[in-house]
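What's in model_1.cif: mmCIF, C-alpha atoms
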data_model
#
loop_
_atom_site.label_atom_id
_atom_site.label_comp_id
_atom_site.auth_asym_id
_atom_site.auth_seq_id
_atom_site.Cartn_x
_atom_site.Cartn_y
_atom_site.Cartn_z
CA MET A 1 0.86 154.97 101.62
CA ASN A 2 -1.78 152.43 100.55
CA LYS A 3 0.78 150.60 98.42
CA LEU A 4 3.11 150.35 101.42
CA LYS A 5 0.34 149.15 103.73
CA ASN A 6 -0.74 146.52 101.19
CA LYS A 7 2.84 145.28 100.91
CA ILE A 8 3.09 145.02 104.70
CA ARG A 9 -0.28 143.26 104.92
CA GLU A 10 0.93 140.68 102.37
CA LEU A 11 4.24 140.28 104.20
CA LEU A 12 2.55 139.70 107.56
CA LEU A 13 0.30 137.03 106.06
CA ARG A 14 3.42 135.14 104.96
CA LYS A 15 5.53 135.95 108.01
CA PRO A 16 3.68 137.10 111.16
CA ASP A 17 6.96 137.89 112.95
CA ALA A 18 8.40 139.98 110.10
CA VAL A 19 11.09 142.60 110.71
CA ILE A 20 10.85 145.89 108.82
CA ALA A 21 13.48 148.63 108.68
CA ILE A 22 12.69 152.30 108.23
CA ASP A 23 15.89 154.19 107.42
CA GLY A 24 16.20 157.66 105.98
CA MET A 25 17.03 161.30 106.35
CA CYS A 26 16.57 163.06 109.69
CA ALA A 27 13.17 164.78 109.92
CA SER A 28 11.80 162.72 107.02
CA GLY A 29 9.09 161.13 109.17
CA LYS A 30 10.63 157.79 110.15
CA THR A 31 9.30 157.83 113.71
CA THR A 32 5.86 159.03 112.62
CA LEU A 33 5.62 156.33 109.95
CA ALA A 34 6.79 153.67 112.40
CA SER A 35 4.16 154.77 114.91
CA THR A 36 1.41 154.75 112.28
CA LEU A 37 2.37 151.28 111.03
CA ALA A 38 2.83 149.92 114.56
CA ASP A 39 -0.67 151.06 115.51
CA GLU A 40 -2.30 149.72 112.37
CA PHE A 41 -0.54 146.35 112.30
CA SER A 42 0.05 145.75 116.06
CA MET A 43 3.80 145.92 115.60
CA GLN A 44 6.58 146.69 118.06
CA THR A 45 9.08 149.46 117.40
CA ILE A 46 12.78 149.47 118.18
CA HIS A 47 14.36 152.91 117.79
CA MET A 48 17.93 153.22 116.55
CA ASP A 49 18.23 156.27 118.84
CA ASP A 50 18.39 153.69 121.66
CA PHE A 51 21.72 152.66 120.13
CA PHE A 52 23.36 156.05 119.89
CA LEU A 53 27.08 155.83 120.53
CA PRO A 54 27.95 156.40 124.22
CA PRO A 55 30.39 159.26 124.96
CA ALA A 56 33.28 156.94 125.86
CA MET A 57 33.20 155.46 122.33
CA ARG A 58 33.02 158.78 120.44
CA THR A 59 36.61 158.85 119.27
CA THR A 60 37.78 160.75 116.21
CA GLU A 61 38.53 157.43 114.52
CA ARG A 62 35.07 156.01 115.24
CA LEU A 63 33.21 159.17 114.20
CA SER A 64 35.16 159.33 110.94
CA GLN A 65 33.60 155.99 109.87
CA PRO A 66 30.37 156.18 107.85
CA GLY A 67 27.62 155.32 110.33
CA GLY A 68 30.16 155.24 113.14
CA ASN A 69 28.05 157.34 115.49
CA VAL A 70 25.67 154.46 116.20
CA HIS A 71 26.56 151.58 118.51
CA TYR A 72 25.89 148.91 115.90
CA GLU A 73 27.93 146.31 117.81
CA ARG A 74 25.48 146.51 120.71
CA PHE A 75 22.52 146.51 118.31
CA ILE A 76 23.86 143.31 116.74
CA GLU A 77 24.49 141.70 120.14
CA GLU A 78 21.26 142.73 121.87
CA VAL A 79 18.76 142.82 118.98
CA ALA A 80 19.90 141.30 115.68
CA SER A 81 21.30 138.15 117.27
CA SER A 82 18.04 137.63 119.19
CA LEU A 83 15.70 137.91 116.21
CA GLY A 84 14.38 134.73 114.66
CA LYS A 85 15.11 132.57 117.71
CA GLY A 86 11.49 132.48 118.83
CA THR A 87 12.19 133.79 122.32
CA ASP A 88 11.41 137.17 123.84
CA PHE A 89 14.39 139.39 124.61
CA GLU A 90 15.42 142.70 126.13
CA TYR A 91 17.85 145.46 125.21
CA LYS A 92 19.21 148.54 126.97
CA ALA A 93 18.05 151.94 125.74
CA PHE A 94 20.60 154.73 125.56
CA SER A 95 19.43 158.28 126.27
CA CYS A 96 21.35 161.17 124.71
CA ALA A 97 19.80 163.58 127.22
CA ALA A 98 20.95 161.48 130.18
CA GLY A 99 24.22 160.45 128.54
CA GLY A 100 23.71 156.82 129.48
CA TYR A 101 21.37 153.86 129.63
CA THR A 102 18.05 154.72 131.19
CA ALA A 103 15.72 151.83 130.43
CA VAL A 104 15.47 148.21 129.45
CA ARG A 105 13.00 147.50 126.67
CA SER A 106 11.27 144.15 126.14
CA VAL A 107 10.58 142.63 122.73
CA CYS A 108 8.03 139.88 122.08
CA ALA A 109 9.41 137.35 119.60
CA SER A 110 6.01 136.46 118.16
CA LYS A 111 5.03 140.01 117.13
CA PRO A 112 6.27 141.82 114.02
CA ILE A 113 8.94 144.45 114.58
CA ILE A 114 9.79 147.80 113.02
CA ILE A 115 13.36 148.96 113.46
CA GLU A 116 13.19 152.69 112.93
CA GLY A 117 15.91 155.24 112.46
CA ALA A 118 18.88 156.33 110.47
CA TYR A 119 21.60 153.67 110.37
CA SER A 120 19.07 150.82 110.75
CA THR A 121 20.25 149.27 107.47
CA HIS A 122 23.97 149.68 108.16
CA PRO A 123 25.75 146.92 106.21
CA VAL A 124 27.48 145.50 109.33
CA ILE A 125 24.05 144.54 110.64
CA PRO A 126 23.20 141.00 109.53
CA ASP A 127 20.45 140.55 106.96
CA ILE A 128 17.56 140.54 109.45
CA TYR A 129 14.99 142.48 107.43
CA ASP A 130 12.03 141.25 105.45
CA LEU A 131 11.36 144.76 104.10
CA LYS A 132 13.54 147.88 103.97
CA ILE A 133 11.98 151.32 103.59
CA PHE A 134 13.87 154.56 102.97
CA LEU A 135 12.33 157.98 103.62
CA GLN A 136 13.68 161.06 101.89
CA ILE A 137 12.76 164.73 101.73
CA SER A 138 14.22 167.81 100.08
CA PRO A 139 17.03 169.56 101.98
CA GLU A 140 14.81 172.65 102.33
CA THR A 141 11.94 170.72 103.89
CA GLN A 142 14.40 168.86 106.10
CA LEU A 143 15.78 172.11 107.53
CA GLU A 144 12.29 173.55 108.04
CA ARG A 145 11.17 170.45 109.93
CA ILE A 146 14.31 170.32 112.08
CA LYS A 147 13.92 173.98 113.02
CA LYS A 148 10.26 173.44 113.93
CA ARG A 149 10.97 170.22 115.86
CA ASN A 150 14.27 171.08 117.55
CA GLY A 151 14.51 174.87 117.45
CA ALA A 152 16.82 177.31 115.69
CA GLN A 153 19.77 176.65 117.99
CA ALA A 154 19.73 172.89 117.38
CA LEU A 155 19.37 173.44 113.64
CA GLU A 156 23.01 174.48 113.44
CA ALA A 157 24.17 171.21 115.01
CA PHE A 158 22.07 169.27 112.52
CA GLN A 159 23.46 171.25 109.58
CA ASN A 160 27.08 170.98 110.71
CA LYS A 161 27.16 167.53 112.27
CA TRP A 162 24.16 165.18 112.04
CA ILE A 163 23.11 165.72 108.42
CA PRO A 164 26.70 165.34 107.14
CA PHE A 165 27.09 162.15 109.25
CA GLU A 166 23.92 160.72 107.71
CA ASN A 167 24.79 161.76 104.17
CA LYS A 168 28.23 160.18 104.49
CA TYR A 169 26.59 156.92 105.61
CA PHE A 170 23.94 156.99 102.85
CA GLU A 171 26.55 157.61 100.16
CA ALA A 172 29.30 155.30 101.42
CA PHE A 173 27.00 152.29 101.56
CA SER A 174 24.50 153.17 98.77
CA ILE A 175 21.73 152.80 101.33
CA VAL A 176 18.90 154.10 99.12
CA SER A 177 19.61 151.54 96.40
CA LYS A 178 19.52 148.70 98.94
CA CYS A 179 16.02 149.52 100.17
CA ASP A 180 12.87 147.87 98.81
CA ILE A 181 10.66 150.96 99.00
CA ILE A 182 11.72 154.61 98.71
CA ILE A 183 9.22 157.21 99.86
CA ASN A 184 9.56 160.91 99.21
CA ASN A 185 7.85 162.19 102.34
CA GLU A 186 7.33 165.84 101.46
#
Would you write the structure of this file as structure tokens?
Amino acid sequence: MNKLKNKIRELLLRKPDAVIAIDGMCASGKTTLASTLADEFSMQTIHMDDFFLPPAMRTTERLSQPGGNVHYERFIEEVASSLGKGTDFEYKAFSCAAGGYTAVRSVCASKPIIIEGAYSTHPVIPDIYDLKIFLQISPETQLERIKKRNGAQALEAFQNKWIPFENKYFEAFSIVSKCDIIINNE
């Protein structure tokens, strides 16, 4: 962790409005790491969960694409295209629980940003990152954490749907090899 923090410290000295991605396996600690780094370095966090694919777009064709269950087109339009312009911006946050958009989030252009979540380094997203981090854990630890966090009933959905979606994305686009730092977060 100290090596990562030193790297971020150095990056922020060179580029105070840096953009960092934290991609990785579900339950590997992406949100926790983003929160820790945001607190320590006064960074903003954008969650890829805010860009979950709305129900109307969840077609068989779309969900068969690696990383197709995230609304990357909206992420590109509302976030990626706004970065680096020097002006504050807003984006709509999608809520899976509500099944729609529930909030508008503001982003300050002069502060560094962490974009946290699986699919954050999807190759259709322009090259907006100054640092890409990938978090991984063993499949056994992953299942234990999901069960603890989401409950036994939700674990089945993760095993049958969400983990295979993520693995397909990681493999299809060689995501791990495209990241600057890989952390085994056991």
Exercise for review: Give me the result of the PyMOL selection byres ((chain A and resi 126) around 12) on this file, residue by residue, as an NGL selection string.
Suggested key: :A and (72-73 or 75-77 or 79-84 or 120-125 or 127-130)
Got time to write the residues from that selection, C-alpha atoms, as a PDB file, keeping the file's coordinate frame?
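Result written to out00.pdb:
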ATOM      1  CA  TYR A  72      25.890 148.910 115.900  1.00  0.00           C
ATOM      2  CA  GLU A  73      27.930 146.310 117.810  1.00  0.00           C
ATOM      3  CA  PHE A  75      22.520 146.510 118.310  1.00  0.00           C
ATOM      4  CA  ILE A  76      23.860 143.310 116.740  1.00  0.00           C
ATOM      5  CA  GLU A  77      24.490 141.700 120.140  1.00  0.00           C
ATOM      6  CA  VAL A  79      18.760 142.820 118.980  1.00  0.00           C
ATOM      7  CA  ALA A  80      19.900 141.300 115.680  1.00  0.00           C
ATOM      8  CA  SER A  81      21.300 138.150 117.270  1.00  0.00           C
ATOM      9  CA  SER A  82      18.040 137.630 119.190  1.00  0.00           C
ATOM     10  CA  LEU A  83      15.700 137.910 116.210  1.00  0.00           C
ATOM     11  CA  GLY A  84      14.380 134.730 114.660  1.00  0.00           C
ATOM     12  CA  SER A 120      19.070 150.820 110.750  1.00  0.00           C
ATOM     13  CA  THR A 121      20.250 149.270 107.470  1.00  0.00           C
ATOM     14  CA  HIS A 122      23.970 149.680 108.160  1.00  0.00           C
ATOM     15  CA  PRO A 123      25.750 146.920 106.210  1.00  0.00           C
ATOM     16  CA  VAL A 124      27.480 145.500 109.330  1.00  0.00           C
ATOM     17  CA  ILE A 125      24.050 144.540 110.640  1.00  0.00           C
ATOM     18  CA  ASP A 127      20.450 140.550 106.960  1.00  0.00           C
ATOM     19  CA  ILE A 128      17.560 140.540 109.450  1.00  0.00           C
ATOM     20  CA  TYR A 129      14.990 142.480 107.430  1.00  0.00           C
ATOM     21  CA  ASP A 130      12.030 141.250 105.450  1.00  0.00           C
TER      22      ASP A 130
END
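Nearest-residue note for Arg149 (chain A): choosing from A:Ala27, A:Val176, A:Ala18, A:Met1, the minimum distance belongs to A:Ala27, counting all atoms listed in the file.
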Practice item. Would you kindly return, as a ChimeraX atom specification, each protein, DNA or RNA residue with an atom no farther than 7 Å from any atom of Ser106 (chain A), considering all atoms listed in the file and excluding same-chain residues fewer than 6 positions away? Key: /A:89-91
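Counting all atoms listed in the file and comparing A:Gly117, A:Pro139, A:Pro164, A:Pro66, the residue that lies closest to Ala34 (chain A) is A:Gly117.
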Revision key, fill the gap. Students should find that CA of Asp49 (chain A) and CA of Ile20 (chain A) are spaced 16.2 Å
Check your understanding: Just so the selection is clear, what residues does the PyMOL selection byres ((chain A and resi 183) around 7) cover here, as a ChimeraX atom specification?
Key -> /A:134-136,181-182,184-185
Review point. Which residues come within 12 Å of Glu10 (chain A), counting only C-alpha atoms, excluding same-chain residues fewer than 6 positions away, as an NGL selection string?
Key: :A and (3-4 or 16 or 18 or 41 or 130-131)
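Residue nearest Thr141 (chain A) within the list A:Met48, A:Asp17, A:Thr36, A:Glu186: A:Glu186 [criterion: smallest interatomic distance, all atoms listed in the file].
The smallest atom-to-atom distance between Met43 (chain A) and any of A:Val19, A:Ala118, A:Val70, A:Ala93, using all atoms listed in the file, is found for A:Val19.
Of the listed residues A:Cys108, A:Gln65, A:Arg9, A:His71, the one whose atoms come nearest to Lys85 (chain A) is A:Cys108, with distances taken using only C-alpha atoms.
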Exercise for review: Please measure the separation of CA of Lys132 (chain A) and CA of Asp180 (chain A), giving the value in Å to one decimal.
Suggested key: 5.2 Å
Return region 53-64 of chain A, completed with N, CA and C atoms, as a JSON list (two decimals), keeping the file's coordinate frame.
[["chain", "number", "residue", "atom", "x", "y", "z"],
["A", 53, "LEU", "N", 25.75, 156.15, 120.00],
["A", 53, "LEU", "CA", 27.08, 155.83, 120.53],
["A", 53, "LEU", "C", 27.32, 156.53, 121.86],
["A", 54, "PRO", "N", 27.67, 155.78, 122.92],
["A", 54, "PRO", "CA", 27.95, 156.40, 124.22],
["A", 54, "PRO", "C", 29.20, 157.29, 124.15],
["A", 55, "PRO", "N", 29.27, 158.31, 125.00],
["A", 55, "PRO", "CA", 30.39, 159.26, 124.96],
["A", 55, "PRO", "C", 31.77, 158.62, 124.97],
["A", 56, "ALA", "N", 31.96, 157.57, 125.76],
["A", 56, "ALA", "CA", 33.28, 156.94, 125.86],
["A", 56, "ALA", "C", 33.76, 156.34, 124.54],
["A", 57, "MET", "N", 32.83, 156.06, 123.62],
["A", 57, "MET", "CA", 33.20, 155.46, 122.33],
["A", 57, "MET", "C", 33.32, 156.49, 121.20],
["A", 58, "ARG", "N", 33.03, 157.75, 121.48],
["A", 58, "ARG", "CA", 33.02, 158.78, 120.44],
["A", 58, "ARG", "C", 34.43, 159.31, 120.16],
["A", 59, "THR", "N", 35.25, 158.45, 119.62],
["A", 59, "THR", "CA", 36.61, 158.85, 119.27],
["A", 59, "THR", "C", 36.61, 159.45, 117.86],
["A", 60, "THR", "N", 37.64, 160.18, 117.54],
["A", 60, "THR", "CA", 37.78, 160.75, 116.21],
["A", 60, "THR", "C", 37.77, 159.65, 115.16],
["A", 61, "GLU", "N", 38.47, 158.56, 115.45],
["A", 61, "GLU", "CA", 38.53, 157.43, 114.52],
["A", 61, "GLU", "C", 37.15, 156.84, 114.28],
["A", 62, "ARG", "N", 36.40, 156.61, 115.36],
["A", 62, "ARG", "CA", 35.07, 156.01, 115.24],
["A", 62, "ARG", "C", 34.12, 156.95, 114.48],
["A", 63, "LEU", "N", 34.13, 158.23, 114.83],
["A", 63, "LEU", "CA", 33.21, 159.17, 114.20],
["A", 63, "LEU", "C", 33.58, 159.49, 112.76],
["A", 64, "SER", "N", 34.77, 159.13, 112.34],
["A", 64, "SER", "CA", 35.16, 159.33, 110.94],
["A", 64, "SER", "C", 34.62, 158.21, 110.04]]
